[in-house]
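Q: So I've got this file, work-v7.cif, and it contains mmCIF, C-alpha atoms:
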data_start
#
loop_
_atom_site.label_atom_id
_atom_site.label_comp_id
_atom_site.auth_asym_id
_atom_site.auth_seq_id
_atom_site.Cartn_x
_atom_site.Cartn_y
_atom_site.Cartn_z
CA MET A 125 -26.04 -153.73 -51.52
CA ASN A 126 -26.92 -150.04 -51.40
CA ARG A 127 -24.36 -147.28 -50.96
CA ARG A 128 -25.16 -146.65 -47.28
CA THR A 129 -24.73 -150.33 -46.42
CA LEU A 130 -21.49 -150.49 -48.39
CA LEU A 131 -20.05 -147.49 -46.56
CA ARG A 132 -21.11 -148.90 -43.17
CA ASN A 133 -19.51 -152.25 -43.94
CA THR A 134 -16.30 -150.54 -45.08
CA LEU A 135 -16.11 -148.61 -41.83
CA VAL A 136 -16.81 -151.73 -39.75
CA THR A 137 -14.07 -153.61 -41.60
CA ALA A 138 -11.51 -150.87 -40.98
CA LEU A 139 -12.45 -150.61 -37.31
CA ALA A 140 -12.29 -154.36 -36.91
CA ALA A 141 -8.77 -154.32 -38.31
CA ALA A 142 -7.68 -151.87 -35.62
CA LEU A 143 -9.54 -153.41 -32.66
CA PRO A 144 -7.36 -156.51 -32.11
CA ALA A 145 -4.25 -154.36 -31.92
CA TYR A 146 -5.98 -151.91 -29.61
CA ALA A 147 -7.14 -154.71 -27.33
CA GLU A 148 -3.64 -156.19 -27.30
CA THR A 149 -1.75 -152.99 -26.51
CA GLY A 150 -4.36 -150.82 -24.80
CA ARG A 151 -3.66 -147.94 -27.16
CA LEU A 152 -4.34 -146.79 -30.68
CA PRO A 153 -1.84 -147.65 -33.41
CA ARG A 154 0.73 -144.92 -34.02
CA ILE A 155 1.51 -143.76 -37.55
CA LEU A 156 4.52 -141.62 -38.39
CA LEU A 157 3.35 -139.67 -41.45
CA ARG A 158 6.22 -138.30 -43.56
CA ASN A 159 4.90 -135.62 -45.88
CA GLY A 160 4.57 -131.82 -46.09
CA TRP A 161 7.34 -131.02 -48.56
CA GLN A 162 6.74 -127.29 -49.08
CA SER A 163 4.06 -124.65 -48.56
CA ILE A 164 4.36 -122.14 -51.40
CA ASN A 165 2.19 -124.46 -53.46
CA ILE A 166 -1.39 -125.37 -52.54
CA GLY A 167 -0.82 -128.71 -54.28
CA ASP A 168 1.92 -129.69 -51.86
CA ILE A 169 -0.33 -128.65 -48.97
CA ALA A 170 -3.03 -130.83 -50.53
CA HIS A 171 -0.82 -133.91 -50.22
CA GLN A 172 -0.96 -134.03 -46.43
CA LEU A 173 -4.54 -132.81 -46.15
CA GLY A 174 -5.62 -135.47 -48.63
CA ILE A 175 -3.98 -138.40 -46.86
CA LEU A 176 -5.30 -137.23 -43.48
CA GLU A 177 -8.81 -136.99 -44.86
CA LEU A 178 -8.51 -140.44 -46.40
CA LEU A 179 -7.42 -141.94 -43.08
CA GLN A 180 -10.38 -140.30 -41.39
CA LYS A 181 -12.89 -141.24 -44.08
CA HIS A 182 -11.89 -144.90 -44.12
CA GLY A 183 -11.96 -145.31 -40.37
CA ILE A 184 -8.22 -145.74 -39.79
CA LYS A 185 -8.21 -145.18 -36.03
CA ALA A 186 -4.67 -144.18 -35.16
CA GLU A 187 -2.54 -141.57 -33.49
CA ILE A 188 -0.91 -139.53 -36.26
CA ARG A 189 2.50 -137.95 -35.75
CA PHE A 190 3.21 -135.68 -38.68
CA TRP A 191 6.83 -135.19 -39.75
CA ALA A 192 6.83 -132.30 -42.22
CA SER A 193 9.61 -130.49 -44.05
CA ASN A 194 7.75 -127.18 -44.31
CA LEU A 195 4.44 -126.00 -42.88
CA GLU A 196 4.84 -122.26 -43.39
CA ASN A 197 2.45 -119.82 -45.11
CA GLY A 198 -0.47 -120.95 -42.94
CA ALA A 199 -0.18 -124.65 -43.82
CA ASP A 200 0.28 -125.71 -40.17
CA ALA A 201 -2.84 -123.84 -39.07
CA LEU A 202 -4.81 -125.41 -41.89
CA VAL A 203 -3.77 -128.92 -40.84
CA LEU A 204 -4.66 -128.33 -37.20
CA LYS A 205 -7.97 -126.68 -38.09
CA GLN A 206 -9.05 -129.73 -40.08
CA PHE A 207 -7.35 -132.37 -37.93
CA PRO A 208 -6.83 -131.04 -34.40
CA ASP A 209 -5.69 -134.41 -33.04
CA VAL A 210 -2.72 -134.67 -35.37
CA ILE A 211 0.61 -134.26 -33.57
CA ILE A 212 3.00 -132.07 -35.58
CA LEU A 213 6.62 -132.93 -34.79
CA LYS A 214 8.65 -129.86 -33.87
CA GLY A 215 12.26 -131.00 -33.99
CA GLN A 216 14.77 -133.82 -33.88
CA ALA A 217 13.80 -134.87 -30.35
CA ASP A 218 10.20 -135.37 -31.48
CA ILE A 219 11.37 -137.32 -34.52
CA ASP A 220 13.61 -139.58 -32.43
CA LYS A 221 10.73 -140.25 -30.05
CA ALA A 222 8.44 -141.05 -32.97
CA PHE A 223 10.99 -143.58 -34.27
CA GLN A 224 10.85 -145.30 -30.90
CA GLU A 225 7.10 -145.18 -30.32
CA CYS A 226 5.38 -145.33 -33.70
CA ASP A 227 4.32 -148.65 -35.19
CA PHE A 228 4.26 -147.79 -38.87
CA LEU A 229 5.77 -145.13 -41.14
CA LEU A 230 3.64 -143.84 -44.02
CA HIS A 231 5.38 -141.87 -46.77
CA GLY A 232 2.82 -139.62 -48.45
CA SER A 233 2.47 -138.38 -52.01
CA GLY A 234 5.21 -136.41 -53.66
CA SER A 235 7.25 -135.70 -56.75
CA GLY A 236 9.49 -138.71 -56.42
CA PHE A 237 10.46 -140.82 -53.43
CA VAL A 238 11.03 -137.56 -51.60
CA ALA A 239 12.00 -138.85 -48.14
CA GLN A 240 13.82 -141.93 -49.36
CA LYS A 241 16.71 -141.42 -46.93
CA HIS A 242 14.36 -141.03 -43.96
CA VAL A 243 12.41 -144.17 -44.86
CA ALA A 244 15.68 -146.07 -45.28
CA GLU A 245 16.75 -144.77 -41.88
CA TRP A 246 13.45 -145.94 -40.35
CA ARG A 247 14.00 -149.41 -41.82
CA LYS A 248 17.61 -149.60 -40.60
CA LYS A 249 17.06 -148.21 -37.10
CA THR A 250 13.68 -149.69 -36.20
CA GLY A 251 13.03 -152.71 -38.37
CA LYS A 252 9.35 -151.72 -38.24
CA PRO A 253 7.04 -151.76 -41.27
CA TYR A 254 6.30 -148.89 -43.62
CA GLY A 255 4.37 -148.06 -46.76
CA VAL A 256 4.52 -145.54 -49.59
CA TYR A 257 1.36 -143.94 -50.94
CA GLY A 258 1.00 -142.14 -54.28
CA ILE A 259 4.45 -141.08 -55.50
CA SER A 260 6.07 -140.49 -58.86
CA TYR A 261 9.30 -142.41 -59.44
CA PHE A 262 11.87 -141.50 -62.05
CA THR A 263 15.42 -141.72 -60.62
CA PRO A 264 15.98 -145.25 -59.29
CA ASN A 265 19.07 -145.89 -57.18
CA GLN A 266 20.15 -148.87 -55.12
CA GLU A 267 19.02 -147.48 -51.78
CA GLY A 268 15.63 -146.55 -53.19
CA ILE A 269 15.13 -149.91 -54.88
CA GLU A 270 15.94 -151.81 -51.69
CA THR A 271 13.80 -149.53 -49.52
CA LEU A 272 10.76 -149.82 -51.79
CA THR A 273 11.24 -153.57 -52.12
CA HIS A 274 10.98 -154.05 -48.36
CA ALA A 275 7.90 -151.84 -47.93
CA ASN A 276 4.55 -153.40 -47.05
CA PHE A 277 3.10 -151.62 -50.07
CA VAL A 278 4.06 -149.01 -52.66
CA TYR A 279 1.47 -147.12 -54.69
CA PHE A 280 2.67 -145.04 -57.62
CA ARG A 281 0.53 -142.10 -58.71
CA GLU A 282 0.80 -143.00 -62.38
CA SER A 283 1.46 -146.25 -64.20
CA VAL A 284 4.54 -144.77 -65.88
CA SER A 285 6.28 -144.61 -62.49
CA LEU A 286 5.11 -148.12 -61.68
CA LYS A 287 6.85 -149.41 -64.81
CA VAL A 288 10.02 -147.49 -63.96
CA ALA A 289 10.07 -149.21 -60.57
CA GLN A 290 9.37 -152.63 -62.06
CA ASP A 291 12.09 -152.19 -64.70
CA ALA A 292 14.54 -151.06 -61.99
CA GLY A 293 13.96 -154.26 -60.05
CA VAL A 294 11.69 -153.15 -57.21
CA LYS A 295 10.03 -156.31 -55.83
CA CYS A 296 7.57 -155.01 -53.23
CA PRO A 297 4.82 -157.61 -52.60
CA ILE A 298 2.06 -155.02 -53.09
CA MET A 299 2.99 -152.57 -55.84
CA ALA A 300 0.43 -150.87 -58.09
CA PHE A 301 -1.01 -147.64 -59.46
CA GLY A 302 -2.46 -145.59 -56.62
CA PRO A 303 -3.89 -142.08 -56.99
CA ASP A 304 -2.11 -139.07 -55.55
CA ALA A 305 -3.27 -138.43 -51.97
CA ALA A 306 -4.57 -135.00 -53.03
CA PHE A 307 -7.53 -136.88 -54.53
CA GLY A 308 -8.55 -137.46 -50.91
CA ILE A 309 -9.65 -133.88 -50.37
CA VAL A 310 -13.43 -133.71 -50.35
CA LYS A 311 -14.53 -132.02 -47.11
CA LEU A 312 -11.95 -129.22 -47.08
CA ARG A 313 -13.60 -125.83 -47.60
CA ASN A 314 -13.43 -122.13 -46.83
CA ASP A 315 -16.73 -121.05 -48.32
CA GLU A 316 -16.78 -117.76 -46.43
CA ALA A 317 -13.57 -116.54 -48.05
CA ALA A 318 -14.53 -118.00 -51.43
CA ASN A 319 -17.97 -116.38 -51.46
CA ALA A 320 -16.51 -113.02 -50.49
CA PHE A 321 -13.96 -113.28 -53.31
CA LEU A 322 -16.58 -114.24 -55.90
CA LYS A 323 -18.88 -111.42 -54.81
CA ALA A 324 -16.09 -108.82 -54.88
CA ASN A 325 -15.17 -109.87 -58.43
CA ASN A 326 -18.66 -110.38 -59.86
CA LEU A 327 -18.15 -114.08 -60.44
CA GLU A 328 -21.35 -116.11 -60.40
CA GLU A 329 -21.39 -119.74 -59.30
CA GLY A 330 -21.54 -122.05 -62.31
CA LYS A 331 -20.74 -119.19 -64.69
CA PHE A 332 -16.94 -119.17 -64.77
CA LEU A 333 -13.93 -121.40 -65.38
CA CYS A 334 -10.53 -121.24 -63.67
CA CYS A 335 -7.20 -121.05 -65.49
CA ILE A 336 -3.72 -121.59 -64.02
CA PRO A 337 -0.45 -120.68 -65.79
CA ARG A 338 2.95 -122.19 -65.06
CA TYR A 339 6.59 -121.79 -66.01
CA ARG A 340 8.50 -124.78 -67.36
CA TRP A 341 10.70 -124.61 -64.27
CA THR A 342 9.31 -123.12 -61.07
CA PRO A 343 11.48 -120.01 -60.40
CA PHE A 344 11.97 -120.74 -56.72
CA TRP A 345 14.68 -118.08 -56.59
CA THR A 346 11.91 -115.46 -56.71
CA VAL A 347 10.06 -116.73 -53.63
CA LYS A 348 12.50 -118.75 -51.50
CA LYS A 349 15.19 -117.02 -49.46
CA GLY A 350 18.67 -118.21 -50.27
CA ARG A 351 17.71 -119.94 -53.51
CA GLU A 352 20.22 -118.94 -56.18
CA PHE A 353 19.13 -117.63 -59.56
CA ASP A 354 19.29 -120.36 -62.21
CA ALA A 355 20.16 -118.77 -65.54
CA VAL A 356 19.63 -121.96 -67.56
CA LYS A 357 16.16 -122.65 -66.17
CA ASN A 358 15.18 -119.01 -66.45
CA ALA A 359 16.22 -118.95 -70.10
CA ARG A 360 14.10 -122.02 -70.79
CA ASN A 361 11.15 -120.42 -69.00
CA GLN A 362 11.37 -117.30 -71.11
CA GLU A 363 11.89 -119.28 -74.32
CA MET A 364 8.73 -121.37 -73.81
CA LYS A 365 6.50 -118.89 -71.98
CA GLU A 366 4.51 -117.77 -74.99
CA HIS A 367 4.38 -121.23 -76.53
CA ASP A 368 3.00 -122.78 -73.35
CA HIS A 369 0.23 -120.23 -72.82
CA ALA A 370 -0.98 -119.25 -76.29
CA GLN A 371 -3.60 -122.02 -76.36
CA LEU A 372 -4.81 -121.09 -72.89
CA ARG A 373 -5.33 -117.50 -74.06
CA GLU A 374 -7.20 -118.77 -77.10
CA ALA A 375 -9.47 -120.79 -74.81
CA ILE A 376 -10.11 -117.73 -72.62
CA ILE A 377 -11.02 -115.67 -75.68
CA ARG A 378 -13.37 -118.29 -77.08
CA ILE A 379 -15.06 -118.96 -73.71
CA THR A 380 -15.79 -115.30 -73.10
CA ARG A 381 -16.95 -114.60 -76.66
CA GLU A 382 -18.91 -117.79 -77.38
CA THR A 383 -20.55 -118.41 -74.00
CA ASP A 384 -21.88 -116.35 -71.11
CA CYS A 385 -19.05 -117.55 -68.85
CA LYS A 386 -16.16 -115.63 -67.35
CA VAL A 387 -12.63 -116.83 -66.61
CA LEU A 388 -10.69 -116.56 -63.35
CA VAL A 389 -6.90 -116.54 -63.79
CA CYS A 390 -5.51 -117.84 -60.50
CA CYS A 391 -2.52 -119.69 -59.08
CA GLU A 392 -1.37 -122.94 -57.56
CA ASP A 393 1.95 -121.52 -56.38
CA GLN A 394 3.12 -118.01 -55.62
CA THR A 395 5.31 -117.67 -58.72
CA GLN A 396 2.26 -117.94 -60.99
CA ILE A 397 0.49 -114.80 -59.80
CA SER A 398 2.52 -112.27 -61.80
CA LEU A 399 2.93 -114.75 -64.67
CA GLY A 400 -0.84 -114.97 -65.07
CA LYS A 401 -1.19 -111.25 -65.50
CA GLU A 402 1.78 -110.96 -67.85
CA ILE A 403 1.14 -113.87 -70.20
CA LEU A 404 -2.62 -114.49 -69.95
CA VAL A 405 -4.43 -111.32 -68.96
CA ASP A 406 -2.48 -108.35 -70.30
CA PRO A 407 -2.34 -109.53 -73.96
CA LEU A 408 -6.13 -110.12 -74.15
CA PRO A 409 -8.39 -107.94 -76.31
CA ASP A 410 -10.33 -105.32 -74.34
CA ASP A 411 -13.72 -107.00 -74.83
CA VAL A 412 -12.31 -110.22 -73.36
CA LYS A 413 -10.59 -108.52 -70.42
CA GLU A 414 -13.98 -107.32 -69.23
CA LYS A 415 -14.92 -110.94 -68.55
CA VAL A 416 -11.63 -112.03 -67.00
CA VAL A 417 -10.66 -111.79 -63.33
CA TRP A 418 -7.03 -111.94 -62.24
CA ARG A 419 -6.40 -113.07 -58.68
CA ASP A 420 -3.47 -111.02 -57.45
CA LYS A 421 -2.90 -112.82 -54.13
CA TYR A 422 -1.85 -116.30 -53.04
CA TRP A 423 -4.47 -118.44 -51.36
CA LEU A 424 -4.56 -121.57 -49.28
CA THR A 425 -5.94 -124.90 -50.37
CA ASP A 426 -9.28 -124.57 -48.58
CA GLU A 427 -10.28 -121.27 -50.21
CA ALA A 428 -9.01 -122.38 -53.62
CA LEU A 429 -11.00 -125.60 -53.49
CA SER A 430 -14.16 -123.76 -52.44
CA VAL A 431 -13.77 -121.54 -55.51
CA TYR A 432 -13.03 -124.49 -57.82
CA THR A 433 -16.17 -126.32 -56.71
CA LYS A 434 -18.27 -123.28 -57.60
CA SER A 435 -16.77 -123.13 -61.10
CA LEU A 436 -17.71 -125.02 -64.28
CA GLY A 437 -14.20 -126.38 -64.59
CA LEU A 438 -10.48 -125.71 -64.55
CA PHE A 439 -7.74 -125.73 -67.17
CA GLY A 440 -4.05 -124.87 -67.33
CA ASN A 441 -0.51 -126.08 -66.86
CA GLU A 442 -0.75 -127.36 -63.28
CA MET A 443 -1.59 -130.74 -61.76
CA HIS A 444 -2.91 -130.62 -58.21
CA SER A 445 -5.70 -128.12 -58.67
CA PRO A 446 -7.08 -130.42 -61.40
CA ILE A 447 -6.70 -133.36 -59.00
CA MET A 448 -8.74 -131.56 -56.34
CA CYS A 449 -11.34 -130.67 -58.95
CA ILE A 450 -11.83 -134.25 -60.17
CA ALA A 451 -11.99 -135.43 -56.54
CA ASN A 452 -15.02 -133.17 -56.20
CA GLY A 453 -16.62 -133.90 -59.58
CA ILE A 454 -15.40 -130.73 -61.32
CA PRO A 455 -13.99 -131.09 -64.88
CA ALA A 456 -10.29 -130.31 -65.33
CA VAL A 457 -7.95 -130.17 -68.33
CA VAL A 458 -4.22 -130.75 -67.75
CA CYS A 459 -1.38 -129.49 -69.95
CA ARG A 460 2.10 -130.87 -69.27
CA TRP A 461 5.62 -130.93 -70.71
CA GLN A 462 8.91 -132.81 -70.55
CA GLU A 463 10.37 -130.74 -67.71
CA GLN A 464 7.58 -131.81 -65.39
CA THR A 465 7.58 -135.22 -63.78
CA THR A 466 5.41 -137.97 -65.24
CA LYS A 467 2.58 -137.09 -62.85
CA GLY A 468 0.34 -135.81 -65.65
CA TYR A 469 -0.03 -139.30 -67.03
CA MET A 470 -2.27 -140.19 -64.10
CA TRP A 471 -5.04 -138.60 -66.21
CA ARG A 472 -4.72 -141.58 -68.57
CA ASP A 473 -4.89 -143.99 -65.67
CA ILE A 474 -8.24 -142.64 -64.46
CA GLY A 475 -9.83 -142.37 -67.91
CA LEU A 476 -9.19 -138.70 -68.73
CA ASN A 477 -6.77 -139.02 -71.63
CA ASP A 478 -8.98 -136.67 -73.68
CA TRP A 479 -8.30 -133.96 -71.09
CA LEU A 480 -4.52 -134.43 -71.09
CA PHE A 481 -2.21 -132.55 -73.46
CA THR A 482 1.57 -132.68 -73.82
CA LEU A 483 2.73 -129.28 -75.02
CA ASP A 484 5.92 -130.74 -76.50
CA ASN A 485 3.70 -132.49 -79.06
CA GLU A 486 2.76 -129.82 -81.59
CA ASP A 487 0.02 -132.02 -83.04
CA GLU A 488 -1.90 -131.75 -79.76
CA MET A 489 -1.79 -127.95 -79.49
CA PRO A 490 -4.77 -127.13 -81.78
CA LYS A 491 -7.03 -129.47 -79.75
CA ILE A 492 -6.57 -127.68 -76.43
CA ALA A 493 -8.85 -124.65 -76.81
CA PRO A 494 -11.75 -126.59 -78.39
CA THR A 495 -11.57 -129.20 -75.61
CA ILE A 496 -11.76 -126.50 -72.93
CA LEU A 497 -14.54 -124.67 -74.76
CA ALA A 498 -16.57 -127.90 -74.91
CA ILE A 499 -16.65 -127.96 -71.10
CA ALA A 500 -18.17 -124.48 -71.02
CA LYS A 501 -20.69 -125.31 -73.75
CA ASP A 502 -21.80 -128.69 -72.41
CA PRO A 503 -21.12 -128.70 -68.66
CA ASP A 504 -23.43 -131.63 -67.96
CA ALA A 505 -21.46 -133.95 -70.25
CA ALA A 506 -18.19 -132.68 -68.80
CA LYS A 507 -19.35 -133.28 -65.23
CA ALA A 508 -20.46 -136.80 -66.14
CA LYS A 509 -16.96 -137.49 -67.50
CA ALA A 510 -15.38 -136.10 -64.34
CA ALA A 511 -17.69 -138.23 -62.20
CA GLN A 512 -16.61 -141.40 -64.01
CA ALA A 513 -12.96 -140.63 -63.30
CA ARG A 514 -13.79 -139.89 -59.68
CA GLU A 515 -15.40 -143.30 -59.31
CA VAL A 516 -12.19 -144.95 -60.52
CA VAL A 517 -10.27 -143.06 -57.84
CA LEU A 518 -12.76 -143.83 -55.07
CA LYS A 519 -12.62 -147.56 -55.76
CA LEU A 520 -8.82 -147.58 -55.58
CA GLN A 521 -8.76 -145.45 -52.42
CA LYS A 522 -11.05 -147.89 -50.64
CA GLU A 523 -8.88 -150.85 -51.67
CA HIS A 524 -5.62 -149.19 -50.69
CA MET A 525 -6.86 -147.89 -47.34
CA GLY A 526 -7.89 -151.46 -46.61
CA VAL A 527 -4.33 -152.59 -47.28
CA LEU A 528 -3.04 -149.88 -44.92
CA ALA A 529 -5.52 -150.92 -42.21
CA ASP A 530 -4.34 -154.52 -42.47
CA SER A 531 -0.66 -153.52 -42.35
CA LEU A 532 -1.27 -151.27 -39.37
CA SER A 533 -3.15 -153.94 -37.46
CA LYS A 534 -0.35 -156.45 -37.96
CA ALA A 535 2.32 -153.91 -37.06
CA THR A 536 0.61 -152.93 -33.83
CA ALA A 537 -0.06 -156.52 -32.82
CA LYS A 538 3.71 -157.10 -32.89
CA ALA A 539 4.49 -153.97 -30.88
#
Represent the structure from my file as structure tokens, please.
A:
Amino acid sequence: MNRRTLLRNTLVTALAAALPAYAETGRLPRILLRNGWQSINIGDIAHQLGILELLQKHGIKAEIRFWASNLENGADALVLKQFPDVIILKGQADIDKAFQECDFLLHGSGSGFVAQKHVAEWRKKTGKPYGVYGISYFTPNQEGIETLTHANFVYFRESVSLKVAQDAGVKCPIMAFGPDAAFGIVKLRNDEAANAFLKANNLEEGKFLCCIPRYRWTPFWTVKKGREFDAVKNARNQEMKEHDHAQLREAIIRITRETDCKVLVCCEDQTQISLGKEILVDPLPDDVKEKVVWRDKYWLTDEALSVYTKSLGLFGNEMHSPIMCIANGIPAVVCRWQEQTTKGYMWRDIGLNDWLFTLDNEDEMPKIAPTILAIAKDPDAAKAKAAQAREVVLKLQKEHMGVLADSLSKATAKA
């Protein structure tokens, strides 16, 4: 079976799953999508864009009502630009109506079972089915265990979280590793903005790599109104700042001196903009600085992804920009630490353990710069490795969207 036939058959299968319910009720199935946790981070924005693109790609014909916690900083406009038919809920009245009218609740990707209380409320008030797609899980409690157990399916974005759930006693009938929904972003682009940025900064397509810094603890108190200063977390950030970025600086130096590539220091969240200049750019030797660009402004997910896809690869201390890169066949190296969730371990699950480094393990530190440099020196081999990981993700996405289509069809038939 060739690829075109396979894709056609997949679409027909998904449509067929929805048709009986549509014929029975005279309407499309209604999904209440719970996602959209925050908007100061392009990775969090990628969660909802990724799941919406996956639904579209796999032919899940449904009315989507989107219950978000935060769609500021242009995130709402980005959703509606890409998916104009999505209904964004505006307040409690809309949420109450969605509880009454929707057939299925889908909890999207996040750092933990983020909306556990809302999913438990859905179960208690409606008795209607629900599923959880691509979460980390690290703080089991009785409510969470019971809620996950009674879901139609639960997909954990790394196998470490899956084991935590299994050990805690979660007994969901369909429970497995399932990639973060941000892997779903493939069509999202803002090439006009990206091309203008590259031109203004003398960055040539295929001749630069991207680098993203990160504090151990995101200093939300610097960007969120009302968030109190956390002296303990700030002290830890300052203590580890040099340690966590020295190998990234070494990689930047070696890339610019040993290849004809440049490096773009950019951000995934707003707190990383000034950090990048302070810890990565300013300490560089003058000959290296000439080949390094510092992005001094926040950007949205569409422009960032357009830039990433024009690069040779990405490296740094973040997670979701690497996810978006691999989803589009672009190599990406991930550095992580204990203070982060277990999300980084998903790199092992998709075959990229060689591109995953834990900065708390001093034995791994000397390997970071050479691994990044190898991407710049042999981009074809690096892209082949990224493509293999992408295929793992695509296979799982197809399987899991099929499970969702089946659950949705059954839920709507009972409506």
Q: Nearest to Arg281 of chain A among A:Gln266, A:Gln371, A:Thr383, A:Ser260, with distances taken over all atoms listed in the file: which residue is it?
A: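 Among the listed residues, A:Ser260 lies closest to Arg281 of chain A.
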Q: Give the answer as one residue: which of A:Ile454, A:Val431, A:Ile164, A:Leu497 has the shortest atom-to-atom distance to Ala513 of chain A, using only C-alpha atoms?
A: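 The shortest atom-to-atom distance to Ala513 of chain A comes from A:Ile454.
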Q: Can you tell me, as a PyMOL selection string, what residues are no more than 10 Å from Glu328 of chain A when counting only C-alpha atoms, ignoring any on the same chain fewer than 5 positions away?
A: chain A and resi 319+322-323+385-386+434-435
Q: Counting all atoms listed in the file, which residue out of A:Val347, A:Leu388, A:Leu424, A:Leu528 sits closest to His182 of chain A?
A: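 Checking each of A:Val347, A:Leu388, A:Leu424, A:Leu528 against His182 of chain A, counting all atoms listed in the file, the winner is A:Leu528.
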Q: Just say which residues the PyMOL selection byres ((chain A and resi 501) around 10) picks in this file, as number ranges by chain.
A: A: 379, 382-385, 436, 496-500, 502-506
Q: Can you write out the residues you just picked, keeping C-alpha atoms, as a compact mmCIF listing (two decimals), in the frame of the given file?
A:
# COMPACT_ATOMS: atom_id res chain seq x y z
CA ILE A 379 -15.06 -118.96 -73.71
CA GLU A 382 -18.91 -117.79 -77.38
CA THR A 383 -20.55 -118.41 -74.00
CA ASP A 384 -21.88 -116.35 -71.11
CA CYS A 385 -19.05 -117.55 -68.85
CA LEU A 436 -17.71 -125.02 -64.28
CA ILE A 496 -11.76 -126.50 -72.93
CA LEU A 497 -14.54 -124.67 -74.76
CA ALA A 498 -16.57 -127.90 -74.91
CA ILE A 499 -16.65 -127.96 -71.10
CA ALA A 500 -18.17 -124.48 -71.02
CA ASP A 502 -21.80 -128.69 -72.41
CA PRO A 503 -21.12 -128.70 -68.66
CA ASP A 504 -23.43 -131.63 -67.96
CA ALA A 505 -21.46 -133.95 -70.25
CA ALA A 506 -18.19 -132.68 -68.80
Q: Report the distance between atom CA of Arg340 of chain A and atom CA of Ile166 of chain A in Å, rounded to one decimal place.
A: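 So the answer is 17.8 Å.
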Q: Save segment 456-467 of chain A to a file: N, CA, C and O atoms, as a short mmCIF file (atom, residue, chain, number, x, y, z; two decimals), in the first residue's frame.
A:
data_model
loop_
_atom_site.label_atom_id
_atom_site.label_comp_id
_atom_site.auth_asym_id
_atom_site.auth_seq_id
_atom_site.Cartn_x
_atom_site.Cartn_y
_atom_site.Cartn_z
N ALA A 456 17.10 18.32 17.05
CA ALA A 456 16.98 19.10 18.28
C ALA A 456 17.59 18.36 19.47
O ALA A 456 17.26 17.19 19.71
N VAL A 457 18.45 19.05 20.20
CA VAL A 457 19.10 18.52 21.40
C VAL A 457 18.44 19.13 22.62
O VAL A 457 18.26 20.35 22.71
N VAL A 458 18.09 18.28 23.60
CA VAL A 458 17.39 18.71 24.81
C VAL A 458 18.29 18.53 26.02
O VAL A 458 18.84 17.45 26.25
N CYS A 459 18.42 19.59 26.82
CA CYS A 459 19.08 19.51 28.12
C CYS A 459 18.01 19.71 29.20
O CYS A 459 17.15 20.58 29.07
N ARG A 460 18.07 18.92 30.25
CA ARG A 460 17.05 18.96 31.30
C ARG A 460 17.72 18.88 32.67
O ARG A 460 18.92 18.67 32.78
N TRP A 461 16.90 19.02 33.72
CA TRP A 461 17.40 18.90 35.09
C TRP A 461 16.27 18.48 36.02
O TRP A 461 15.11 18.38 35.63
N GLN A 462 16.63 18.24 37.28
CA GLN A 462 15.69 17.68 38.25
C GLN A 462 14.48 18.58 38.47
O GLN A 462 13.36 18.09 38.66
N GLU A 463 14.67 19.89 38.44
CA GLU A 463 13.56 20.80 38.73
C GLU A 463 12.48 20.77 37.65
O GLU A 463 11.34 21.17 37.91
N GLN A 464 12.84 20.34 36.46
CA GLN A 464 11.82 20.21 35.42
C GLN A 464 10.99 18.96 35.68
O GLN A 464 11.35 18.10 36.46
N THR A 465 9.87 18.86 34.99
CA THR A 465 9.11 17.62 35.08
C THR A 465 9.88 16.54 34.31
O THR A 465 10.97 16.77 33.80
N THR A 466 9.29 15.37 34.21
CA THR A 466 9.95 14.26 33.52
C THR A 466 9.76 14.32 32.01
O THR A 466 10.14 13.37 31.30
N LYS A 467 9.21 15.42 31.51
CA LYS A 467 8.88 15.50 30.08
C LYS A 467 10.07 15.22 29.17
O LYS A 467 9.90 14.68 28.07
#
